[in-house]
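With mmCIF, N, CA, C and O atoms inside, this is my_file.cif:
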```
data_start
loop_
_atom_site.label_atom_id
_atom_site.label_comp_id
_atom_site.auth_asym_id
_atom_site.auth_seq_id
_atom_site.Cartn_x
_atom_site.Cartn_y
_atom_site.Cartn_z
N MET A 86 -29.91 6.52 4.78
CA MET A 86 -31.19 7.21 4.76
C MET A 86 -31.06 8.52 5.53
O MET A 86 -30.37 8.60 6.54
N ALA A 87 -31.74 9.53 5.06
CA ALA A 87 -31.70 10.86 5.67
C ALA A 87 -32.37 10.86 7.04
O ALA A 87 -33.32 10.13 7.27
N ALA A 88 -31.85 11.68 7.92
CA ALA A 88 -32.47 11.86 9.23
C ALA A 88 -33.75 12.66 9.05
O ALA A 88 -33.77 13.69 8.38
N VAL A 89 -34.83 12.17 9.63
CA VAL A 89 -36.12 12.85 9.55
C VAL A 89 -36.51 13.29 10.96
O VAL A 89 -36.40 12.51 11.90
N THR A 90 -36.93 14.53 11.08
CA THR A 90 -37.36 15.07 12.36
C THR A 90 -38.76 15.66 12.20
O THR A 90 -39.01 16.37 11.23
N LEU A 91 -39.62 15.33 13.13
CA LEU A 91 -40.99 15.86 13.14
C LEU A 91 -41.28 16.48 14.49
O LEU A 91 -40.95 15.90 15.52
N TYR A 92 -41.89 17.64 14.47
CA TYR A 92 -42.48 18.22 15.67
C TYR A 92 -43.97 17.90 15.58
O TYR A 92 -44.62 18.21 14.57
N THR A 93 -44.51 17.28 16.61
CA THR A 93 -45.89 16.79 16.57
C THR A 93 -46.61 17.03 17.89
O THR A 93 -45.99 17.41 18.88
N THR A 94 -47.91 16.77 17.85
CA THR A 94 -48.69 16.61 19.07
C THR A 94 -49.36 15.24 18.99
O THR A 94 -49.53 14.69 17.91
N ARG A 95 -49.70 14.73 20.12
CA ARG A 95 -50.20 13.35 20.21
C ARG A 95 -51.52 13.14 19.46
O ARG A 95 -51.72 12.09 18.86
N TYR A 96 -52.42 14.12 19.50
CA TYR A 96 -53.76 13.89 18.96
C TYR A 96 -54.01 14.57 17.61
O TYR A 96 -55.12 14.58 17.13
N CYS A 97 -52.99 15.10 17.00
CA CYS A 97 -53.13 15.77 15.72
C CYS A 97 -53.28 14.73 14.60
O CYS A 97 -52.40 13.90 14.40
N PRO A 98 -54.40 14.74 13.87
CA PRO A 98 -54.58 13.73 12.82
C PRO A 98 -53.56 13.86 11.68
O PRO A 98 -53.18 12.86 11.08
N TYR A 99 -53.10 15.07 11.44
CA TYR A 99 -52.09 15.26 10.39
C TYR A 99 -50.74 14.68 10.83
O TYR A 99 -49.98 14.15 10.01
N CYS A 100 -50.45 14.78 12.11
CA CYS A 100 -49.22 14.19 12.64
C CYS A 100 -49.26 12.67 12.51
O CYS A 100 -48.29 12.04 12.09
N VAL A 101 -50.40 12.10 12.87
CA VAL A 101 -50.59 10.65 12.76
C VAL A 101 -50.42 10.21 11.31
O VAL A 101 -49.75 9.21 11.01
N ARG A 102 -51.01 10.96 10.39
CA ARG A 102 -50.95 10.63 8.97
C ARG A 102 -49.51 10.72 8.43
O ARG A 102 -49.06 9.85 7.69
N ALA A 103 -48.79 11.76 8.82
CA ALA A 103 -47.41 11.93 8.38
C ALA A 103 -46.53 10.79 8.90
O ALA A 103 -45.73 10.21 8.15
N LYS A 104 -46.69 10.44 10.17
CA LYS A 104 -45.90 9.35 10.75
C LYS A 104 -46.27 8.02 10.10
O LYS A 104 -45.39 7.18 9.88
N ALA A 105 -47.54 7.83 9.75
CA ALA A 105 -47.96 6.59 9.10
C ALA A 105 -47.27 6.45 7.74
O ALA A 105 -46.83 5.35 7.37
N LEU A 106 -47.17 7.54 6.98
CA LEU A 106 -46.48 7.48 5.69
C LEU A 106 -45.01 7.16 5.88
O LEU A 106 -44.46 6.31 5.18
N LEU A 107 -44.37 7.80 6.85
CA LEU A 107 -42.96 7.53 7.10
C LEU A 107 -42.75 6.09 7.58
O LEU A 107 -41.78 5.43 7.19
N ASP A 108 -43.67 5.59 8.40
CA ASP A 108 -43.60 4.19 8.84
C ASP A 108 -43.74 3.25 7.64
O ASP A 108 -43.01 2.27 7.51
N PHE A 109 -44.67 3.56 6.74
CA PHE A 109 -44.86 2.76 5.53
C PHE A 109 -43.60 2.74 4.69
O PHE A 109 -43.26 1.72 4.07
N LYS A 110 -42.88 3.86 4.67
CA LYS A 110 -41.63 3.98 3.91
C LYS A 110 -40.44 3.39 4.68
O LYS A 110 -39.33 3.40 4.18
N SER A 111 -40.67 2.89 5.88
CA SER A 111 -39.62 2.38 6.76
C SER A 111 -38.54 3.43 7.02
O SER A 111 -37.35 3.12 7.12
N ALA A 112 -38.97 4.67 7.11
CA ALA A 112 -38.05 5.78 7.39
C ALA A 112 -37.99 6.00 8.89
O ALA A 112 -39.02 6.21 9.54
N ALA A 113 -36.80 5.94 9.43
CA ALA A 113 -36.62 6.24 10.85
C ALA A 113 -36.79 7.74 11.04
O ALA A 113 -36.40 8.53 10.18
N TYR A 114 -37.39 8.13 12.16
CA TYR A 114 -37.57 9.55 12.41
C TYR A 114 -37.51 9.83 13.90
O TYR A 114 -37.74 8.96 14.73
N THR A 115 -37.19 11.07 14.20
CA THR A 115 -37.21 11.57 15.56
C THR A 115 -38.48 12.37 15.73
O THR A 115 -38.72 13.32 14.99
N ASP A 116 -39.31 11.95 16.66
CA ASP A 116 -40.59 12.60 16.92
C ASP A 116 -40.45 13.47 18.16
O ASP A 116 -40.23 12.96 19.26
N ILE A 117 -40.52 14.76 17.98
CA ILE A 117 -40.43 15.71 19.09
C ILE A 117 -41.83 16.19 19.41
O ILE A 117 -42.43 16.95 18.65
N SER A 118 -42.36 15.72 20.52
CA SER A 118 -43.72 16.08 20.92
C SER A 118 -43.71 17.45 21.60
O SER A 118 -42.95 17.67 22.54
N VAL A 119 -44.55 18.34 21.10
CA VAL A 119 -44.67 19.66 21.70
C VAL A 119 -45.87 19.75 22.64
O VAL A 119 -46.19 20.82 23.14
N ASP A 120 -46.51 18.60 22.90
CA ASP A 120 -47.62 18.57 23.86
C ASP A 120 -47.14 19.10 25.20
O ASP A 120 -46.14 18.62 25.74
N ASN A 121 -47.86 20.07 25.73
CA ASN A 121 -47.56 20.58 27.07
C ASN A 121 -46.12 21.02 27.25
O ASN A 121 -45.57 20.94 28.36
N ASN A 122 -45.47 21.45 26.17
CA ASN A 122 -44.10 21.91 26.27
C ASN A 122 -43.92 23.18 25.45
O ASN A 122 -43.52 23.14 24.29
N PRO A 123 -44.24 24.33 26.05
CA PRO A 123 -44.16 25.59 25.32
C PRO A 123 -42.76 25.89 24.77
O PRO A 123 -42.63 26.48 23.70
N ALA A 124 -41.72 25.45 25.47
CA ALA A 124 -40.35 25.71 24.99
C ALA A 124 -40.09 24.98 23.68
O ALA A 124 -39.49 25.54 22.75
N LEU A 125 -40.54 23.73 23.57
CA LEU A 125 -40.35 22.98 22.33
C LEU A 125 -41.21 23.55 21.20
O LEU A 125 -40.78 23.59 20.05
N ARG A 126 -42.41 24.01 21.53
CA ARG A 126 -43.25 24.64 20.51
C ARG A 126 -42.58 25.92 20.01
O ARG A 126 -42.56 26.20 18.81
N GLN A 127 -42.01 26.70 20.92
CA GLN A 127 -41.29 27.92 20.51
C GLN A 127 -40.08 27.57 19.63
O GLN A 127 -39.81 28.26 18.65
N GLU A 128 -39.37 26.51 19.99
CA GLU A 128 -38.24 26.05 19.18
C GLU A 128 -38.70 25.70 17.77
O GLU A 128 -38.08 26.10 16.78
N MET A 129 -39.80 24.96 17.67
CA MET A 129 -40.36 24.58 16.38
C MET A 129 -40.73 25.83 15.58
O MET A 129 -40.42 25.93 14.38
N MET A 130 -41.38 26.78 16.21
CA MET A 130 -41.81 27.99 15.53
C MET A 130 -40.61 28.82 15.07
O MET A 130 -40.63 29.38 13.96
N ALA A 131 -39.57 28.88 15.87
CA ALA A 131 -38.37 29.62 15.49
C ALA A 131 -37.69 28.98 14.28
O ALA A 131 -37.22 29.68 13.38
N LYS A 132 -37.65 27.66 14.26
CA LYS A 132 -36.99 26.94 13.15
C LYS A 132 -37.81 26.99 11.87
O LYS A 132 -37.26 27.09 10.78
N SER A 133 -39.13 26.87 12.00
CA SER A 133 -39.97 26.71 10.81
C SER A 133 -40.67 28.00 10.37
O SER A 133 -41.08 28.10 9.22
N GLY A 134 -40.85 28.92 11.30
CA GLY A 134 -41.64 30.10 11.00
C GLY A 134 -43.13 29.81 10.98
O GLY A 134 -43.93 30.64 10.56
N ARG A 135 -43.52 28.64 11.42
CA ARG A 135 -44.92 28.21 11.44
C ARG A 135 -45.31 27.79 12.85
O ARG A 135 -44.47 27.39 13.63
N HIS A 136 -46.61 27.84 13.11
CA HIS A 136 -47.09 27.46 14.45
C HIS A 136 -47.90 26.17 14.47
O HIS A 136 -48.30 25.72 15.52
N THR A 137 -48.15 25.59 13.29
CA THR A 137 -48.96 24.37 13.22
C THR A 137 -48.07 23.13 13.23
O THR A 137 -46.90 23.19 12.88
N VAL A 138 -48.66 22.01 13.63
CA VAL A 138 -47.98 20.73 13.59
C VAL A 138 -48.68 19.85 12.57
O VAL A 138 -49.86 20.05 12.29
N PRO A 139 -47.97 18.90 11.99
CA PRO A 139 -46.55 18.65 12.19
C PRO A 139 -45.69 19.63 11.39
O PRO A 139 -46.15 20.22 10.42
N GLN A 140 -44.46 19.76 11.83
CA GLN A 140 -43.42 20.42 11.05
C GLN A 140 -42.35 19.37 10.83
O GLN A 140 -41.92 18.72 11.78
N ILE A 141 -41.96 19.20 9.57
CA ILE A 141 -41.14 18.05 9.18
C ILE A 141 -39.88 18.52 8.47
O ILE A 141 -39.93 19.36 7.58
N TRP A 142 -38.76 17.92 8.86
CA TRP A 142 -37.48 18.13 8.20
C TRP A 142 -36.95 16.79 7.71
O TRP A 142 -37.04 15.79 8.42
N VAL A 143 -36.41 16.78 6.51
CA VAL A 143 -35.67 15.63 5.99
C VAL A 143 -34.25 16.13 5.83
O VAL A 143 -33.98 17.02 5.00
N GLY A 144 -33.36 15.59 6.65
CA GLY A 144 -32.02 16.16 6.72
C GLY A 144 -32.16 17.60 7.20
O GLY A 144 -32.86 17.87 8.16
N ASP A 145 -31.52 18.53 6.52
CA ASP A 145 -31.60 19.94 6.88
C ASP A 145 -32.70 20.68 6.13
O ASP A 145 -32.85 21.89 6.27
N VAL A 146 -33.46 19.97 5.31
CA VAL A 146 -34.49 20.59 4.47
C VAL A 146 -35.83 20.59 5.21
O VAL A 146 -36.34 19.53 5.58
N HIS A 147 -36.38 21.79 5.39
CA HIS A 147 -37.71 21.90 5.99
C HIS A 147 -38.74 21.59 4.92
O HIS A 147 -38.91 22.33 3.95
N VAL A 148 -39.41 20.46 5.07
CA VAL A 148 -40.43 20.03 4.12
C VAL A 148 -41.71 20.84 4.31
O VAL A 148 -42.38 21.20 3.35
N GLY A 149 -42.05 21.11 5.54
CA GLY A 149 -43.30 21.78 5.87
C GLY A 149 -44.15 20.85 6.70
O GLY A 149 -43.63 20.15 7.57
N GLY A 150 -45.43 20.80 6.39
CA GLY A 150 -46.36 19.97 7.15
C GLY A 150 -46.74 18.70 6.42
O GLY A 150 -46.10 18.29 5.46
N CYS A 151 -47.81 18.10 6.88
CA CYS A 151 -48.29 16.84 6.31
C CYS A 151 -48.66 17.00 4.84
O CYS A 151 -48.34 16.13 4.03
N ASP A 152 -49.34 18.08 4.50
CA ASP A 152 -49.75 18.27 3.10
C ASP A 152 -48.56 18.30 2.17
O ASP A 152 -48.58 17.71 1.09
N GLU A 153 -47.50 18.98 2.58
CA GLU A 153 -46.30 19.05 1.75
C GLU A 153 -45.61 17.69 1.65
O GLU A 153 -45.10 17.32 0.59
N LEU A 154 -45.61 16.93 2.76
CA LEU A 154 -45.02 15.59 2.74
C LEU A 154 -45.80 14.70 1.77
O LEU A 154 -45.21 13.97 0.96
N MET A 155 -47.13 14.76 1.83
CA MET A 155 -47.95 13.96 0.94
C MET A 155 -47.78 14.39 -0.52
O MET A 155 -47.79 13.55 -1.43
N ALA A 156 -47.59 15.68 -0.75
CA ALA A 156 -47.37 16.17 -2.11
C ALA A 156 -46.06 15.62 -2.67
O ALA A 156 -45.98 15.26 -3.85
N LEU A 157 -45.03 15.55 -1.84
CA LEU A 157 -43.76 14.95 -2.28
C LEU A 157 -43.97 13.49 -2.66
O LEU A 157 -43.41 13.02 -3.66
N GLU A 158 -44.76 12.78 -1.89
CA GLU A 158 -45.04 11.37 -2.17
C GLU A 158 -45.81 11.24 -3.49
O GLU A 158 -45.46 10.42 -4.34
N ARG A 159 -46.84 12.06 -3.67
CA ARG A 159 -47.62 12.00 -4.92
C ARG A 159 -46.77 12.35 -6.15
O ARG A 159 -46.99 11.80 -7.22
N ALA A 160 -45.82 13.25 -5.98
CA ALA A 160 -44.95 13.65 -7.09
C ALA A 160 -43.83 12.65 -7.34
O ALA A 160 -43.05 12.81 -8.28
N GLY A 161 -43.73 11.61 -6.49
CA GLY A 161 -42.69 10.61 -6.65
C GLY A 161 -41.31 11.08 -6.21
O GLY A 161 -40.30 10.51 -6.60
N GLU A 162 -41.27 12.12 -5.37
CA GLU A 162 -39.99 12.70 -4.95
C GLU A 162 -39.56 12.31 -3.54
O GLU A 162 -38.41 12.51 -3.17
N LEU A 163 -40.47 11.75 -2.76
CA LEU A 163 -40.16 11.49 -1.35
C LEU A 163 -39.09 10.42 -1.18
O LEU A 163 -38.18 10.59 -0.37
N ASP A 164 -39.17 9.34 -1.94
CA ASP A 164 -38.19 8.26 -1.78
C ASP A 164 -36.76 8.75 -2.01
O ASP A 164 -35.86 8.45 -1.23
N ALA A 165 -36.56 9.53 -3.06
CA ALA A 165 -35.22 10.05 -3.35
C ALA A 165 -34.76 11.01 -2.26
O ALA A 165 -33.60 11.00 -1.86
N MET A 166 -35.70 11.80 -1.77
CA MET A 166 -35.36 12.75 -0.72
C MET A 166 -34.96 12.00 0.56
O MET A 166 -33.99 12.37 1.22
N LEU A 167 -35.71 10.97 0.90
CA LEU A 167 -35.38 10.18 2.09
C LEU A 167 -34.03 9.47 1.92
O LEU A 167 -33.27 9.35 2.87
N ALA A 168 -33.76 9.01 0.71
CA ALA A 168 -32.51 8.28 0.46
C ALA A 168 -31.29 9.20 0.52
O ALA A 168 -30.23 8.81 0.99
N SER A 169 -31.45 10.44 0.07
CA SER A 169 -30.29 11.31 -0.04
C SER A 169 -30.27 12.43 0.99
O SER A 169 -29.21 12.97 1.28
N GLY A 170 -31.43 12.80 1.48
CA GLY A 170 -31.48 13.89 2.43
C GLY A 170 -31.56 15.25 1.79
O GLY A 170 -31.47 16.26 2.46
N VAL A 171 -31.71 15.32 0.48
CA VAL A 171 -31.85 16.61 -0.20
C VAL A 171 -33.07 16.57 -1.09
O VAL A 171 -33.56 15.51 -1.46
N GLU A 172 -33.55 17.75 -1.47
CA GLU A 172 -34.71 17.82 -2.38
C GLU A 172 -34.30 17.46 -3.78
O GLU A 172 -33.21 17.70 -4.21
#
```
With the file now loaded, output its structure as structure tokens.
Amino acid sequence: MAAVTLYTTRYCPYCVRAKALLDFKSAAYTDISVDNNPALRQEMMAKSGRHTVPQIWVGDVHVGGCDELMALERAGELDAMLASGVE
């Protein structure tokens, strides 16, 4: 299974929703909390070019946020992406 990395904050409803979908898929992920950590938020912004959370990577592929993750699921593409690590 592909390595999944998320930059999140504790109280973000989109972060909770994204992690719930990954939990439902039994996908292991690394959750990097940017709460009260400006350096990690800057790291996330440098990698993604975005300032909102969550920011999600499957393998080396930047998926985007929760909406993009849910769109992959609706399109039936998320399982294959998680299995292989590529789009």
Distance query segment 127-135 of chain A at most 7 Å, only C-alpha atoms, self and fewer than 3 positions along chain excluded, as a list in words |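 So the residues in contact are Tyr92, Pro123 and Ala124 of chain A.
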Starting from the displayed file, determine the output of the PyMOL selection byres ((chain A and resi 143) around 5) and express the residue list as JSON, numbers by chain.
-> {"A": [88, 89, 141, 142, 144, 145, 146, 148, 170]}
Hey, what does DSSP flag as strand (DSSP E or B) within chain A? Can you give it to me as a ChimeraX atom specification?
-> /A:89-93,114-118,140-143,146-149
In Å, how far is it from atom CA of Ala113 of chain A to atom C of Ala87 of chain A?
-> 7.3 Å
Extract, using only C-alpha atoms, all DNA, RNA and protein residues at most 10 Å from Ser118 of chain A, discarding same-chain residues fewer than 4 positions from it, and format them as a ChimeraX atom specification.
-> /A:91-95,122,125-126,138-139
Writing out the chosen residues with N, CA, C and O atoms as an mmCIF file, keeping the file's coordinate frame:
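Everything below was put into selection-v4.cif:
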```cif
data_model
loop_
_atom_site.group_PDB
_atom_site.id
_atom_site.type_symbol
_atom_site.label_atom_id
_atom_site.label_comp_id
_atom_site.auth_asym_id
_atom_site.auth_seq_id
_atom_site.Cartn_x
_atom_site.Cartn_y
_atom_site.Cartn_z
ATOM 1 N N LEU A 91 -39.620 15.330 13.130
ATOM 2 C CA LEU A 91 -40.990 15.860 13.140
ATOM 3 C C LEU A 91 -41.280 16.480 14.490
ATOM 4 O O LEU A 91 -40.950 15.900 15.520
ATOM 5 N N TYR A 92 -41.890 17.640 14.470
ATOM 6 C CA TYR A 92 -42.480 18.220 15.670
ATOM 7 C C TYR A 92 -43.970 17.900 15.580
ATOM 8 O O TYR A 92 -44.620 18.210 14.570
ATOM 9 N N THR A 93 -44.510 17.280 16.610
ATOM 10 C CA THR A 93 -45.890 16.790 16.570
ATOM 11 C C THR A 93 -46.610 17.030 17.890
ATOM 12 O O THR A 93 -45.990 17.410 18.880
ATOM 13 N N THR A 94 -47.910 16.770 17.850
ATOM 14 C CA THR A 94 -48.690 16.610 19.070
ATOM 15 C C THR A 94 -49.360 15.240 18.990
ATOM 16 O O THR A 94 -49.530 14.690 17.910
ATOM 17 N N ARG A 95 -49.700 14.730 20.120
ATOM 18 C CA ARG A 95 -50.200 13.350 20.210
ATOM 19 C C ARG A 95 -51.520 13.140 19.460
ATOM 20 O O ARG A 95 -51.720 12.090 18.860
ATOM 21 N N ASN A 122 -45.470 21.450 26.170
ATOM 22 C CA ASN A 122 -44.100 21.910 26.270
ATOM 23 C C ASN A 122 -43.920 23.180 25.450
ATOM 24 O O ASN A 122 -43.520 23.140 24.290
ATOM 25 N N LEU A 125 -40.540 23.730 23.570
ATOM 26 C CA LEU A 125 -40.350 22.980 22.330
ATOM 27 C C LEU A 125 -41.210 23.550 21.200
ATOM 28 O O LEU A 125 -40.780 23.590 20.050
ATOM 29 N N ARG A 126 -42.410 24.010 21.530
ATOM 30 C CA ARG A 126 -43.250 24.640 20.510
ATOM 31 C C ARG A 126 -42.580 25.920 20.010
ATOM 32 O O ARG A 126 -42.560 26.200 18.810
ATOM 33 N N VAL A 138 -48.660 22.010 13.630
ATOM 34 C CA VAL A 138 -47.980 20.730 13.590
ATOM 35 C C VAL A 138 -48.680 19.850 12.570
ATOM 36 O O VAL A 138 -49.860 20.050 12.290
ATOM 37 N N PRO A 139 -47.970 18.900 11.990
ATOM 38 C CA PRO A 139 -46.550 18.650 12.190
ATOM 39 C C PRO A 139 -45.690 19.630 11.390
ATOM 40 O O PRO A 139 -46.150 20.220 10.420
#
```
To one decimal in Å, tell me the separation between atom O of Leu154 of chain A and atom N of Ser169 of chain A.
-> 14.2 Å
Kindly give the distance, in Å, that separates atom CA of Asp116 of chain A and atom CA of Val101 of chain A, rounded to a single decimal.
->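 We find that atom CA of Asp116 of chain A and atom CA of Val101 of chain A lie 11.0 Å from each other.
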Would you mind listing what lies within 8 Å of Ala112 of chain A as a PyMOL selection string, with all atoms listed in the file counted and same-chain residues fewer than 2 positions away left out?
-> chain A and resi 86-89+103-110+114-115+167
Residue among A:Leu163, A:Ala156, A:Ala168, A:Cys151 lying closest to Thr137 of chain A, counting only N, CA, C and O atoms |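 Going through A:Leu163, A:Ala156, A:Ala168, A:Cys151 one by one, the smallest distance to Thr137 of chain A is for A:Cys151.
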With only C-alpha atoms as the basis for distance, which of A:His136, A:Asn121, A:Arg102, A:His147 is at the shortest distance from Met166 of chain A?
->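 Once distances to Met166 of chain A are computed over only C-alpha atoms, the minimum belongs to A:His147.
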List every residue of chain A that DSSP, applied to the backbone of this structure, assigns to helix (DSSP H, G or I), and report them as a PyMOL selection string.
-> chain A and resi 98-109+123-133+151-159+163-169
